[in-house]
$ cat data12.txt   # compact mmCIF, C-alpha atoms and all ligand atoms
# COMPACT_ATOMS: atom_id res chain seq x y z
CA MET E 1 71.90 -8.10 10.26
CA ALA E 2 70.10 -10.63 8.08
CA ARG E 3 69.80 -14.13 9.55
CA ARG E 4 71.73 -16.78 7.68
CA ILE E 5 69.49 -19.71 6.89
CA SER E 6 69.74 -22.97 4.97
CA ILE E 7 66.94 -25.26 3.80
CA PHE E 8 67.65 -28.98 3.38
CA GLY E 9 64.89 -30.66 1.38
CA ALA E 10 63.83 -27.30 -0.08
CA THR E 11 61.98 -28.89 -3.00
CA GLY E 12 59.66 -30.95 -0.77
CA SER E 13 56.42 -30.12 0.94
CA ILE E 14 58.00 -28.71 4.14
CA GLY E 15 60.78 -27.04 2.16
CA GLN E 16 58.27 -25.26 -0.07
CA SER E 17 56.25 -24.02 2.92
CA THR E 18 59.49 -22.73 4.47
CA ILE E 19 60.37 -20.89 1.26
CA ASP E 20 56.85 -19.46 1.14
CA LEU E 21 57.39 -17.92 4.58
CA ILE E 22 60.86 -16.54 4.02
CA ALA E 23 60.05 -15.21 0.52
CA ARG E 24 57.55 -12.85 2.17
CA ASP E 25 60.37 -11.07 4.01
CA LEU E 26 63.54 -11.71 2.02
CA ASN E 27 65.44 -8.71 3.43
CA ALA E 28 65.45 -10.42 6.81
CA TYR E 29 67.31 -13.49 5.52
CA ASP E 30 70.58 -14.32 3.93
CA VAL E 31 70.02 -17.75 2.38
CA VAL E 32 73.13 -19.92 2.48
CA ALA E 33 72.10 -23.28 0.99
CA VAL E 34 69.01 -24.80 -0.59
CA THR E 35 69.04 -28.53 -1.36
CA GLY E 36 66.88 -30.98 -3.24
CA GLY E 37 66.97 -34.33 -4.97
CA GLN E 38 65.36 -35.05 -8.33
CA ASN E 39 63.43 -31.85 -8.77
CA VAL E 40 66.26 -29.66 -10.08
CA SER E 41 64.01 -27.24 -11.97
CA ARG E 42 62.19 -26.34 -8.77
CA LEU E 43 65.48 -26.17 -6.87
CA ALA E 44 66.96 -23.79 -9.43
CA ALA E 45 63.86 -21.57 -9.49
CA ASP E 46 63.83 -21.35 -5.69
CA ALA E 47 67.57 -20.75 -5.44
CA ILE E 48 67.08 -17.74 -7.73
CA LYS E 49 63.96 -16.61 -5.85
CA VAL E 50 65.71 -16.55 -2.45
CA ASN E 51 69.15 -15.65 -3.89
CA ALA E 52 70.90 -18.61 -2.26
CA GLN E 53 74.70 -18.83 -2.11
CA VAL E 54 74.65 -22.49 -3.16
CA ALA E 55 72.13 -24.95 -4.60
CA VAL E 56 72.82 -28.66 -4.05
CA THR E 57 71.12 -31.67 -5.57
CA ALA E 58 71.74 -34.87 -3.65
CA ASP E 59 71.74 -36.76 -6.95
CA GLU E 60 75.14 -36.54 -8.64
CA SER E 61 73.68 -37.42 -12.04
CA ARG E 62 71.56 -34.23 -11.96
CA PHE E 63 74.57 -31.91 -11.65
CA SER E 64 74.62 -30.72 -15.26
CA ASP E 65 70.85 -30.15 -15.32
CA LEU E 66 71.13 -27.98 -12.24
CA LYS E 67 74.16 -26.17 -13.64
CA ASP E 68 72.30 -25.42 -16.87
CA ALA E 69 69.25 -24.19 -14.98
CA LEU E 70 71.41 -21.79 -12.96
CA SER E 71 73.72 -20.64 -15.74
CA GLY E 72 74.03 -16.87 -15.90
CA THR E 73 73.51 -16.53 -12.13
CA ASP E 74 76.25 -16.30 -9.50
CA ILE E 75 74.70 -19.14 -7.46
CA GLU E 76 77.16 -21.97 -6.78
CA VAL E 77 76.06 -25.40 -7.95
CA ALA E 78 76.97 -28.72 -6.34
CA ALA E 79 75.77 -32.31 -6.39
CA GLY E 80 76.04 -35.56 -4.46
CA ARG E 81 76.06 -36.68 -0.86
CA GLU E 82 79.41 -35.08 -0.04
CA ALA E 83 78.26 -31.74 -1.41
CA LEU E 84 75.16 -32.01 0.75
CA ILE E 85 77.28 -32.55 3.85
CA GLU E 86 79.63 -29.72 2.86
CA ALA E 87 76.63 -27.39 2.55
CA ALA E 88 75.50 -28.43 6.05
CA CYS E 89 78.93 -27.42 7.41
CA ARG E 90 78.59 -23.85 6.10
CA PRO E 91 77.93 -21.39 8.91
CA ALA E 92 74.25 -20.53 9.33
CA ASP E 93 72.07 -19.28 12.17
CA TRP E 94 69.00 -21.43 11.41
CA VAL E 95 68.76 -24.61 9.38
CA MET E 96 65.59 -26.35 8.22
CA SER E 97 66.02 -30.15 8.20
CA ALA E 98 63.33 -31.33 5.77
CA ILE E 99 64.89 -34.15 3.79
CA VAL E 100 62.69 -37.23 3.97
CA GLY E 101 63.99 -40.42 5.61
CA ALA E 102 67.18 -41.44 7.38
CA ALA E 103 69.11 -39.54 4.67
CA GLY E 104 68.26 -36.37 6.62
CA LEU E 105 70.17 -37.37 9.76
CA GLU E 106 73.76 -36.53 8.86
CA PRO E 107 73.15 -33.06 7.35
CA GLY E 108 71.21 -32.14 10.50
CA LEU E 109 74.02 -33.36 12.75
CA LYS E 110 76.60 -31.38 10.76
CA ALA E 111 74.46 -28.26 11.01
CA LEU E 112 74.25 -28.68 14.80
CA GLU E 113 78.03 -29.07 14.94
CA THR E 114 78.37 -25.57 13.42
CA GLY E 115 76.20 -24.25 16.26
CA ALA E 116 73.15 -23.55 14.07
CA VAL E 117 69.64 -23.81 15.48
CA LEU E 118 68.08 -26.87 13.84
CA ALA E 119 64.41 -26.62 12.85
CA LEU E 120 63.68 -30.34 12.72
CA ALA E 121 60.98 -31.65 10.42
CA ASN E 122 62.99 -34.81 9.70
CA LYS E 123 61.53 -36.94 12.50
CA GLU E 124 63.66 -39.88 11.36
CA SER E 125 66.71 -38.12 12.91
CA LEU E 126 65.22 -38.48 16.38
CA VAL E 127 63.84 -41.96 15.76
CA CYS E 128 67.16 -43.33 14.49
CA ALA E 129 69.59 -41.39 16.64
CA GLY E 130 67.72 -39.49 19.35
CA PRO E 131 70.45 -39.53 22.02
CA LEU E 132 73.15 -38.62 19.46
CA ILE E 133 71.30 -35.67 17.99
CA MET E 134 70.17 -34.29 21.35
CA ARG E 135 73.65 -34.49 22.83
CA THR E 136 75.21 -32.93 19.72
CA ALA E 137 72.92 -29.91 20.13
CA GLN E 138 73.88 -29.66 23.78
CA ALA E 139 77.62 -30.05 23.14
CA HIS E 140 77.56 -27.21 20.62
CA GLY E 141 75.45 -24.89 22.76
CA THR E 142 72.56 -24.79 20.34
CA GLU E 143 69.03 -26.11 20.18
CA ILE E 144 66.64 -28.18 18.14
CA LEU E 145 63.18 -26.78 17.50
CA PRO E 146 60.55 -29.35 16.55
CA VAL E 147 58.70 -28.73 13.29
CA ASP E 148 56.50 -31.80 13.28
CA SER E 149 53.12 -30.21 14.06
CA GLU E 150 52.42 -32.44 17.08
CA HIS E 151 55.82 -31.78 18.62
CA SER E 152 55.64 -28.07 17.96
CA ALA E 153 52.27 -28.20 19.74
CA VAL E 154 53.74 -30.05 22.75
CA PHE E 155 56.71 -27.65 22.82
CA GLN E 156 54.36 -24.65 22.85
CA ALA E 157 52.13 -26.17 25.54
CA MET E 158 55.20 -26.77 27.73
CA ILE E 159 56.67 -23.26 27.57
CA GLY E 160 57.25 -22.11 31.14
CA GLU E 161 56.21 -25.49 32.54
CA ASP E 162 58.18 -28.00 34.54
CA LEU E 163 58.67 -31.41 32.90
CA SER E 164 58.13 -33.07 36.29
CA ALA E 165 54.55 -31.72 36.34
CA VAL E 166 53.71 -33.46 33.05
CA GLU E 167 51.44 -36.45 33.59
CA ARG E 168 50.88 -37.35 29.95
CA VAL E 169 51.30 -36.20 26.38
CA ILE E 170 48.56 -36.93 23.87
CA ILE E 171 49.58 -36.97 20.22
CA THR E 172 46.59 -36.70 17.90
CA ALA E 173 46.29 -38.68 14.65
CA SER E 174 43.94 -38.00 11.75
CA GLY E 175 43.79 -41.71 10.92
CA GLY E 176 44.82 -41.10 7.31
CA ALA E 177 43.21 -42.33 4.11
CA PHE E 178 41.85 -45.65 5.41
CA ARG E 179 40.49 -44.54 8.76
CA ASP E 180 36.96 -45.62 7.82
CA TRP E 181 37.75 -48.58 5.53
CA PRO E 182 36.72 -52.08 6.62
CA ILE E 183 39.94 -53.74 7.87
CA GLU E 184 39.50 -56.67 5.45
CA ASP E 185 39.67 -54.26 2.47
CA LEU E 186 43.13 -52.94 3.40
CA ALA E 187 44.87 -55.75 1.49
CA LYS E 188 43.41 -54.28 -1.72
CA ALA E 189 44.55 -50.70 -1.01
CA THR E 190 46.71 -49.13 -3.75
CA PRO E 191 49.61 -46.70 -3.25
CA ALA E 192 47.58 -43.96 -4.97
CA GLN E 193 44.70 -44.48 -2.52
CA ALA E 194 47.07 -44.47 0.45
CA ALA E 195 48.74 -41.27 -0.78
CA THR E 196 45.62 -39.13 -0.37
CA HIS E 197 45.21 -37.44 2.98
CA PRO E 198 41.88 -36.20 4.35
CA ASN E 199 43.36 -33.01 5.91
CA TRP E 200 47.05 -32.42 5.27
CA ASP E 201 48.90 -31.77 2.01
CA MET E 202 52.26 -33.54 2.47
CA GLY E 203 54.90 -35.53 0.61
CA GLN E 204 53.92 -38.96 -0.78
CA ARG E 205 55.87 -41.03 1.75
CA ILE E 206 54.59 -39.36 4.93
CA THR E 207 51.05 -39.42 3.53
CA ILE E 208 51.19 -43.20 3.08
CA ASP E 209 52.78 -43.45 6.53
CA SER E 210 49.76 -41.56 7.87
CA ALA E 211 47.40 -44.17 6.44
CA SER E 212 49.40 -46.99 8.05
CA MET E 213 50.08 -44.90 11.19
CA PHE E 214 53.78 -45.58 10.76
CA ASN E 215 53.98 -41.80 10.81
CA LYS E 216 52.28 -41.71 14.21
CA ALA E 217 54.54 -44.54 15.39
CA LEU E 218 57.60 -42.48 14.43
CA GLU E 219 56.06 -39.49 16.22
CA LEU E 220 55.54 -41.41 19.47
CA ILE E 221 59.24 -42.35 19.44
CA GLU E 222 60.10 -38.76 18.48
CA THR E 223 58.17 -37.55 21.56
CA LYS E 224 60.13 -39.84 23.84
CA GLU E 225 63.48 -38.84 22.36
CA TYR E 226 62.92 -35.10 22.09
CA PHE E 227 61.12 -34.37 25.35
CA GLY E 228 62.59 -37.20 27.44
CA ILE E 229 59.12 -38.38 28.43
CA SER E 230 58.70 -42.01 29.42
CA PRO E 231 56.73 -44.19 26.97
CA ASP E 232 53.94 -44.93 29.48
CA LYS E 233 53.07 -41.22 29.53
CA ILE E 234 52.75 -40.93 25.76
CA GLU E 235 49.32 -41.59 24.27
CA THR E 236 47.67 -41.20 20.91
CA VAL E 237 44.06 -40.53 19.98
CA VAL E 238 42.37 -40.45 16.59
CA HIS E 239 41.07 -36.95 15.90
CA PRO E 240 39.69 -36.90 12.35
CA GLU E 241 39.40 -33.09 12.08
CA SER E 242 43.19 -32.51 12.70
CA MET E 243 42.53 -29.23 14.51
CA ILE E 244 44.11 -30.17 17.84
CA HIS E 245 47.71 -31.16 17.13
CA ALA E 246 48.65 -32.41 20.60
CA LEU E 247 47.72 -31.99 24.26
CA VAL E 248 49.83 -31.94 27.39
CA GLY E 249 48.24 -33.15 30.63
CA PHE E 250 49.63 -31.76 33.89
CA ASN E 251 49.52 -33.16 37.42
CA ASP E 252 46.68 -30.81 38.39
CA GLY E 253 44.46 -32.35 35.70
CA ALA E 254 44.81 -29.43 33.27
CA LEU E 255 45.08 -30.32 29.59
CA MET E 256 46.77 -27.74 27.37
CA ALA E 257 45.98 -28.13 23.68
CA HIS E 258 47.38 -26.47 20.59
CA VAL E 259 44.54 -25.79 18.17
CA GLY E 260 45.07 -24.56 14.62
CA ALA E 261 44.29 -25.20 10.97
CA PRO E 262 46.19 -28.14 9.45
CA ASP E 263 48.84 -25.94 7.82
CA MET E 264 52.53 -26.71 8.43
CA ARG E 265 53.35 -23.00 8.24
CA HIS E 266 52.08 -22.83 11.85
CA ALA E 267 54.92 -25.03 13.11
CA ILE E 268 57.54 -23.84 10.60
CA GLY E 269 56.75 -20.19 11.36
CA PHE E 270 56.85 -20.81 15.10
CA ALA E 271 60.33 -22.36 14.76
CA LEU E 272 61.47 -19.57 12.42
CA HIS E 273 60.51 -16.75 14.78
CA TYR E 274 61.10 -18.48 18.14
CA PRO E 275 61.36 -17.23 20.86
CA THR E 276 59.11 -14.44 19.57
CA ARG E 277 55.78 -14.82 17.79
CA LYS E 278 55.16 -13.07 14.48
CA PRO E 279 52.01 -12.89 12.34
CA LEU E 280 51.70 -15.90 10.01
CA PRO E 281 49.66 -16.25 6.81
CA VAL E 282 47.57 -19.12 8.17
CA GLU E 283 43.82 -19.50 8.44
CA ARG E 284 42.22 -18.19 11.64
CA LEU E 285 39.81 -20.83 12.88
CA ASP E 286 36.11 -20.12 13.04
CA LEU E 287 35.10 -22.45 15.87
CA VAL E 288 31.37 -22.07 15.26
CA LYS E 289 31.83 -23.02 11.62
CA LEU E 290 33.96 -25.95 12.71
CA GLY E 291 31.07 -26.97 15.00
CA GLN E 292 32.61 -30.00 16.64
CA MET E 293 35.82 -31.91 17.21
CA THR E 294 35.66 -35.67 17.63
CA PHE E 295 37.97 -38.31 19.07
CA ARG E 296 38.28 -42.08 18.64
CA ASN E 297 40.26 -44.90 20.09
CA PRO E 298 43.30 -45.87 17.94
CA CYS E 299 42.65 -49.49 17.02
CA GLU E 300 45.89 -51.53 17.05
CA THR E 301 44.38 -54.21 14.81
CA ARG E 302 43.89 -51.61 12.10
CA TRP E 303 47.17 -49.84 12.91
CA PRO E 304 49.70 -52.40 14.27
CA ALA E 305 52.46 -49.79 13.80
CA LEU E 306 51.32 -48.22 17.08
CA ARG E 307 52.01 -51.42 18.99
CA LEU E 308 55.40 -51.76 17.29
CA ALA E 309 56.28 -48.20 18.30
CA ARG E 310 55.66 -49.06 21.96
CA GLU E 311 57.89 -52.12 21.66
CA VAL E 312 60.63 -50.00 20.05
CA MET E 313 60.39 -47.35 22.77
CA MET E 314 60.66 -49.98 25.48
CA ALA E 315 63.56 -51.75 23.73
CA GLY E 316 65.63 -48.58 23.32
CA GLY E 317 69.16 -48.80 21.94
CA LEU E 318 69.34 -48.76 18.16
CA MET E 319 65.92 -50.33 17.62
CA GLY E 320 64.58 -46.97 16.40
CA ALA E 321 67.09 -47.06 13.53
CA VAL E 322 66.13 -50.67 12.77
CA PHE E 323 62.43 -49.80 12.87
CA ASN E 324 62.77 -46.80 10.58
CA ALA E 325 64.98 -48.56 8.03
CA ALA E 326 62.69 -51.60 7.85
CA LYS E 327 59.72 -49.26 7.46
CA GLU E 328 61.46 -47.34 4.66
CA ARG E 329 62.14 -50.56 2.71
CA ALA E 330 58.62 -51.90 3.29
CA LEU E 331 57.21 -48.56 2.14
CA ASP E 332 59.38 -48.66 -1.02
CA ALA E 333 58.02 -52.15 -1.73
CA PHE E 334 54.40 -51.05 -1.19
CA ILE E 335 54.88 -48.01 -3.46
CA GLN E 336 56.28 -50.36 -6.13
CA GLU E 337 53.30 -52.69 -5.56
CA ARG E 338 55.54 -55.59 -4.51
CA ILE E 339 53.75 -56.05 -1.15
CA THR E 340 50.27 -55.24 0.14
CA PHE E 341 49.47 -52.40 2.50
CA PRO E 342 49.00 -54.57 5.64
CA ARG E 343 52.17 -56.56 4.83
CA MET E 344 54.32 -53.49 5.64
CA ALA E 345 53.74 -53.89 9.37
CA GLY E 346 54.44 -57.64 9.18
CA VAL E 347 57.78 -57.02 7.48
CA VAL E 348 58.79 -54.42 10.07
CA GLU E 349 57.76 -56.69 12.95
CA ASP E 350 59.86 -59.56 11.57
CA VAL E 351 62.91 -57.33 11.12
CA LEU E 352 62.55 -56.05 14.69
CA SER E 353 62.49 -59.57 16.07
CA ASP E 354 65.43 -60.73 13.90
CA LEU E 355 67.61 -57.74 14.87
CA SER E 356 66.79 -57.59 18.57
CA THR E 357 70.55 -57.59 19.26
CA TYR E 358 70.34 -53.83 18.73
CA GLU E 359 68.18 -53.45 21.86
CA GLY E 360 69.50 -51.71 24.93
CA HIS E 361 72.70 -50.15 23.50
CA ASN E 362 73.93 -47.51 25.89
CA PRO E 363 72.45 -44.20 24.61
CA ALA E 364 75.74 -42.41 25.38
CA GLU E 365 77.55 -44.73 22.98
CA ILE E 366 75.27 -44.26 19.99
CA THR E 367 77.33 -42.91 17.09
CA LEU E 368 76.56 -42.16 13.46
CA ASP E 369 78.51 -45.27 12.39
CA LYS E 370 76.50 -47.54 14.68
CA VAL E 371 73.24 -46.02 13.47
CA ALA E 372 74.37 -46.49 9.86
CA GLU E 373 75.22 -50.13 10.54
CA ALA E 374 71.87 -50.90 12.18
CA ASP E 375 70.08 -49.07 9.36
CA HIS E 376 72.02 -50.99 6.71
CA LEU E 377 71.44 -54.43 8.24
CA ALA E 378 67.74 -53.71 8.77
CA ARG E 379 67.34 -52.81 5.08
CA ILE E 380 69.07 -56.03 4.02
CA ARG E 381 66.94 -58.10 6.40
CA ALA E 382 63.73 -56.41 5.22
CA ASP E 383 64.63 -57.19 1.59
CA GLU E 384 65.36 -60.83 2.48
CA ILE E 385 62.04 -61.17 4.28
CA MET E 386 60.15 -59.64 1.37
CA ALA E 387 61.94 -61.90 -1.14
CA ARG E 388 60.78 -65.07 0.66
P1 LIG V 401 58.84 -34.57 0.49
O1 LIG V 401 58.90 -35.94 -0.07
O2 LIG V 401 57.80 -33.63 0.01
O3 LIG V 401 60.27 -33.84 0.30
C1 LIG V 401 61.46 -34.49 0.64
C2 LIG V 401 62.66 -33.63 0.31
O4 LIG V 401 63.85 -34.39 0.50
C3 LIG V 401 62.71 -33.14 -1.12
O5 LIG V 401 63.41 -31.93 -1.18
C4 LIG V 401 63.53 -34.25 -1.81
O6 LIG V 401 64.09 -33.84 -3.03
C5 LIG V 401 64.56 -34.50 -0.75
N1 LIG V 401 65.17 -35.83 -0.77
C6 LIG V 401 64.54 -37.01 -0.97
N2 LIG V 401 65.42 -38.04 -0.85
C7 LIG V 401 66.62 -37.48 -0.56
C8 LIG V 401 67.93 -38.00 -0.32
N3 LIG V 401 68.17 -39.33 -0.34
N4 LIG V 401 68.93 -37.14 -0.06
C9 LIG V 401 68.70 -35.81 -0.02
N5 LIG V 401 67.51 -35.25 -0.25
C10 LIG V 401 66.47 -36.08 -0.51
O7 LIG V 401 58.78 -34.74 2.07
P2 LIG V 401 58.04 -33.83 3.15
O8 LIG V 401 58.37 -32.39 2.94
O9 LIG V 401 56.62 -34.24 3.26
O10 LIG V 401 58.74 -34.35 4.48
C11 LIG V 401 60.07 -34.00 4.81
C12 LIG V 401 60.36 -34.44 6.25
O11 LIG V 401 59.49 -33.70 7.12
C13 LIG V 401 60.05 -35.92 6.50
O12 LIG V 401 60.96 -36.39 7.46
C14 LIG V 401 58.65 -35.90 7.10
O13 LIG V 401 58.41 -36.99 7.94
C15 LIG V 401 58.68 -34.60 7.88
N6 LIG V 401 57.39 -33.98 8.08
C16 LIG V 401 56.63 -33.59 7.01
C17 LIG V 401 55.38 -33.01 7.20
C18 LIG V 401 54.58 -32.50 6.05
O14 LIG V 401 53.55 -31.84 6.25
N7 LIG V 401 54.97 -32.72 4.80
C19 LIG V 401 54.82 -32.84 8.55
C20 LIG V 401 55.71 -33.23 9.60
C21 LIG V 401 56.94 -33.79 9.37
P3 LIG V 401 63.30 -34.01 -4.46
O15 LIG V 401 61.85 -33.89 -4.18
O16 LIG V 401 63.87 -32.86 -5.26
O17 LIG V 401 63.70 -35.34 -5.00
MG MG V 402 53.21 -34.84 12.45

$ encode --input "data12.txt" --output "C-alpha cells"
Amino acid sequence: MARRISIFGATGSIGQSTIDLIARDLNAYDVVAVTGGQNVSRLAADAIKVNAQVAVTADESRFSDLKDALSGTDIEVAAGREALIEAACRPADWVMSAIVGAAGLEPGLKALETGAVLALANKESLVCAGPLIMRTAQAHGTEILPVDSEHSAVFQAMIGEDLSAVERVIITASGGAFRDWPIEDLAKATPAQAATHPNWDMGQRITIDSASMFNKALELIETKEYFGISPDKIETVVHPESMIHALVGFNDGALMAHVGAPDMRHAIGFALHYPTRKPLPVERLDLVKLGQMTFRNPCETRWPALRLAREVMMAGGLMGAVFNAAKERALDAFIQERITFPRMAGVVEDVLSDLSTYEGHNPAEITLDKVAEADHLARIRADEIMAR
C-alpha cells in the first residue's frame, strides 16, 4: 500500500528537496497535503506533479490565485491558518514539517496527534516547545525524525548506542557568509551579502541565520531538546568545508562522525526511508579530491548568538520561545535594513533579560497557549527595543 505523506512548507528549500525525492518514486506515495505561503504557482505545479489531495496556501488572500492555478484538476484548494491546521489533522503516515519559523509548530503538533511520523526540519518547534512536542509524540505512540542535517547525523551516529555512554556531541558550523570578514566590518553587512552561503543552498532566513550563527544557536538548543543531552555536553566547532555534519563522542574516546556532501536530501531521504536505507541521488564524496577538512574555534565575539544559546539552555522554561521570537523579529528588521547585522544579537539579548520571568517553567506544564504567549510578548518587546 502506498504511504500517505504530507509536506508542510512544500514550496521552500526543504519542501522542494522532499518533492524531488518522492517524485522519483511516485507509485510508493499517496500525497495527502502540500502547503505553501506566497508562492502559489509553485504550490499548484507541485500539487499537480505529486497528485496531492489538497493544496493549502497559508495566505488567505492568495486563495483565488491558487484556485485558478488548479482549476480543471480534482485537487482540493484551501487557504489560511485554519486550513493549514485542518490539513495537518488529515491522516497520514509521514509528515514533513518544513515551514520556516514558529509558524511551523502547530501543524507539526497536530500531525503528531494523528499518530503520523514527523520528519522535523522546523527546528523552531523544538526550540520553542521541546518538551511539548516530544511528549506529544510519545503520547500518540509515534516518533519525530530529525531532518536538520546535524541532528540527522547525531541520530545516525547514535543508532544502537546507549545515551549514557555519550560524553559529548559536536555540532559543526560552516561559519556562514562572514566567517572570514573582519569583525569591525560586520556593521556594514547587507542582507544580500548575509543571504549567500558558502556551501549550502537554503531559504533566505536560515542562510542569514547561518551568517549570524543564530541558526547554530537554535541547533544547540534543538540538540538538548531532542536528544535530552545536557548543555555542558554539547559543543560546536567551525568546519568550513561542511562535510562532517556532527560527531558523537563516547565514553571510550571514540568519535563517530557523519560525513557527506552538503545536500539536504541526505537527511530528508534518511528520514523518509527510516528504519531502512535506500539509494539516494546525492554526490558520493571523493576524499582524495576533497584533500583536507579543517576546524576552527567558534569565536563568541564574532558570533554572540552561541553564548546566548548557552544561557537559554541553562535557563530552560519558555526562554527558547522568547529567544526564537526575538530572533525572528530582529531578523525581519535586518532584512528590511532597519537594524545592522550585529544589532540582531543585542536586541535578542535585551529581550531575554527583560523576559526572564519565562525561565524555569516546569517542562511538563508547557502548553501551546503558554508558548504562544511567550512568543507574542517577546515580539512586542523586540519591536519596542528596536524602536528606541
Ligand atoms: P524556506 O524559506 O525556503 O521555505 C519556507 C516554507 O514555509 C515555504 O514553503 C513558505 O511558503 C512557507 N511559509 C513561510 N511562512 C509561512 C507561514 N507563516 N505559514 C505557513 N507557511 C509559511 O525555508 P527552508 O526550506 O530553508 O527552511 C524550512 C525549515 O527547515 C526552517 O525551520 C529551517 O530552519 C529548517 N531547515 C532548513 C534547512 C535548509 O537546508 N533549507 C536545513 C535545516 C533545517 P512560500 O515560500 O510559498 O511563501
Ligand atoms: Mg542544520

$ residues_around --input "data12.txt" --residues "E:Met202" --least-positions-apart "5" --cutoff "8 Å" --atoms "all atoms listed in the file" --output "PDB file with C-alpha atoms, keeping the file's coordinate frame"
ATOM      1  CA  SER E  13      56.420 -30.120   0.940  1.00  0.00           C
ATOM      2  CA  ILE E  14      58.000 -28.710   4.140  1.00  0.00           C
ATOM      3  CA  THR E 207      51.050 -39.420   3.530  1.00  0.00           C
TER       4      THR E 207
END

$ residues_around --input "data12.txt" --residues "stretch 314-322 of chain E" --least-positions-apart "6" --cutoff "8 Å" --atoms "only C-alpha atoms" --output "PDB file with C-alpha atoms, in the coordinates of the input"
ATOM      1  CA  VAL E 127      63.840 -41.960  15.760  1.00  0.00           C
ATOM      2  CA  CYS E 128      67.160 -43.330  14.490  1.00  0.00           C
ATOM      3  CA  ALA E 129      69.590 -41.390  16.640  1.00  0.00           C
ATOM      4  CA  ILE E 221      59.240 -42.350  19.440  1.00  0.00           C
ATOM      5  CA  PRO E 231      56.730 -44.190  26.970  1.00  0.00           C
ATOM      6  CA  VAL E 351      62.910 -57.330  11.120  1.00  0.00           C
ATOM      7  CA  LEU E 352      62.550 -56.050  14.690  1.00  0.00           C
ATOM      8  CA  LEU E 355      67.610 -57.740  14.870  1.00  0.00           C
ATOM      9  CA  SER E 356      66.790 -57.590  18.570  1.00  0.00           C
ATOM     10  CA  TYR E 358      70.340 -53.830  18.730  1.00  0.00           C
ATOM     11  CA  GLU E 359      68.180 -53.450  21.860  1.00  0.00           C
ATOM     12  CA  GLY E 360      69.500 -51.710  24.930  1.00  0.00           C
ATOM     13  CA  HIS E 361      72.700 -50.150  23.500  1.00  0.00           C
ATOM     14  CA  ASN E 362      73.930 -47.510  25.890  1.00  0.00           C
ATOM     15  CA  PRO E 363      72.450 -44.200  24.610  1.00  0.00           C
ATOM     16  CA  ILE E 366      75.270 -44.260  19.990  1.00  0.00           C
ATOM     17  CA  VAL E 371      73.240 -46.020  13.470  1.00  0.00           C
ATOM     18  CA  ALA E 374      71.870 -50.900  12.180  1.00  0.00           C
ATOM     19  CA  ASP E 375      70.080 -49.070   9.360  1.00  0.00           C
ATOM     20  CA  LEU E 377      71.440 -54.430   8.240  1.00  0.00           C
ATOM     21  CA  ALA E 378      67.740 -53.710   8.770  1.00  0.00           C
TER      22      ALA E 378
END

$ residues_near_ligand --input "data12.txt" --ligand "ligand MG 402 (chain V)" --cutoff "9 Å" --atoms "only C-alpha atoms and all ligand atoms" --output "mmCIF file with C-alpha atoms, in the frame of the given file"
data_model
loop_
_atom_site.group_PDB
_atom_site.id
_atom_site.type_symbol
_atom_site.label_atom_id
_atom_site.label_comp_id
_atom_site.auth_asym_id
_atom_site.auth_seq_id
_atom_site.Cartn_x
_atom_site.Cartn_y
_atom_site.Cartn_z
ATOM 1 C CA ALA E 121 60.980 -31.650 10.420
ATOM 2 C CA LYS E 123 61.530 -36.940 12.500
ATOM 3 C CA VAL E 147 58.700 -28.730 13.290
ATOM 4 C CA ASP E 148 56.500 -31.800 13.280
ATOM 5 C CA SER E 149 53.120 -30.210 14.060
ATOM 6 C CA GLU E 150 52.420 -32.440 17.080
ATOM 7 C CA HIS E 151 55.820 -31.780 18.620
ATOM 8 C CA ILE E 171 49.580 -36.970 20.220
ATOM 9 C CA THR E 172 46.590 -36.700 17.900
ATOM 10 C CA ALA E 173 46.290 -38.680 14.650
ATOM 11 C CA ILE E 206 54.590 -39.360 4.930
ATOM 12 C CA SER E 210 49.760 -41.560 7.870
ATOM 13 C CA ASN E 215 53.980 -41.800 10.810
ATOM 14 C CA LYS E 216 52.280 -41.710 14.210
ATOM 15 C CA GLU E 219 56.060 -39.490 16.220
ATOM 16 C CA HIS E 245 47.710 -31.160 17.130
#

$ residues_near_ligand --input "data12.txt" --ligand "ligand LIG 401 (chain V)" --cutoff "6 Å" --atoms "all atoms listed in the file" --output "ChimeraX atom specification"
/E:9-15,36-39,58,98-101,103,121-124,148-149,202-204,206,264

$ closest_residue --input "data12.txt" --among "E:Met293, E:Val95, E:Ile234, E:Leu331" --to "E:Met313" --atoms "only C-alpha atoms"
E:Ile234

$ residues_around --input "data12.txt" --residues "E:Pro131" --least-positions-apart "5" --cutoff "9 Å" --atoms "all atoms listed in the file" --output "PyMOL selection string"
chain E and resi 126+136+225-226+363-366

$ residues_around --input "data12.txt" --residues "E:Ile22" --least-positions-apart "5" --cutoff "12 Å" --atoms "all atoms listed in the file" --output "number ranges by chain"
E: 2-7, 10, 15-17, 27-31, 46, 49-51, 96, 265, 268-269, 272-273, 280-281

$ residues_around --input "data12.txt" --residues "stretch 338-348 of chain E" --least-positions-apart "5" --cutoff "8 Å" --atoms "all atoms listed in the file" --output "list in words"
Leu186, Ala187, Lys188, Ala189, Thr190, Ser212, Pro304, Ala305, Phe323, Ala326, Lys327, Ala330, Leu331, Ala333, Ala382, Ile385 and Met386 of chain E

$ write_last_selection --input "data12.txt" --atoms "C-alpha atoms" --output "PDB file, keeping the file's coordinate frame"
ATOM      1  CA  LEU E 186      43.130 -52.940   3.400  1.00  0.00           C
ATOM      2  CA  ALA E 187      44.870 -55.750   1.490  1.00  0.00           C
ATOM      3  CA  LYS E 188      43.410 -54.280  -1.720  1.00  0.00           C
ATOM      4  CA  ALA E 189      44.550 -50.700  -1.010  1.00  0.00           C
ATOM      5  CA  THR E 190      46.710 -49.130  -3.750  1.00  0.00           C
ATOM      6  CA  SER E 212      49.400 -46.990   8.050  1.00  0.00           C
ATOM      7  CA  PRO E 304      49.700 -52.400  14.270  1.00  0.00           C
ATOM      8  CA  ALA E 305      52.460 -49.790  13.800  1.00  0.00           C
ATOM      9  CA  PHE E 323      62.430 -49.800  12.870  1.00  0.00           C
ATOM     10  CA  ALA E 326      62.690 -51.600   7.850  1.00  0.00           C
ATOM     11  CA  LYS E 327      59.720 -49.260   7.460  1.00  0.00           C
ATOM     12  CA  ALA E 330      58.620 -51.900   3.290  1.00  0.00           C
ATOM     13  CA  LEU E 331      57.210 -48.560   2.140  1.00  0.00           C
ATOM     14  CA  ALA E 333      58.020 -52.150  -1.730  1.00  0.00           C
ATOM     15  CA  ALA E 382      63.730 -56.410   5.220  1.00  0.00           C
ATOM     16  CA  ILE E 385      62.040 -61.170   4.280  1.00  0.00           C
ATOM     17  CA  MET E 386      60.150 -59.640   1.370  1.00  0.00           C
TER      18      MET E 386
END
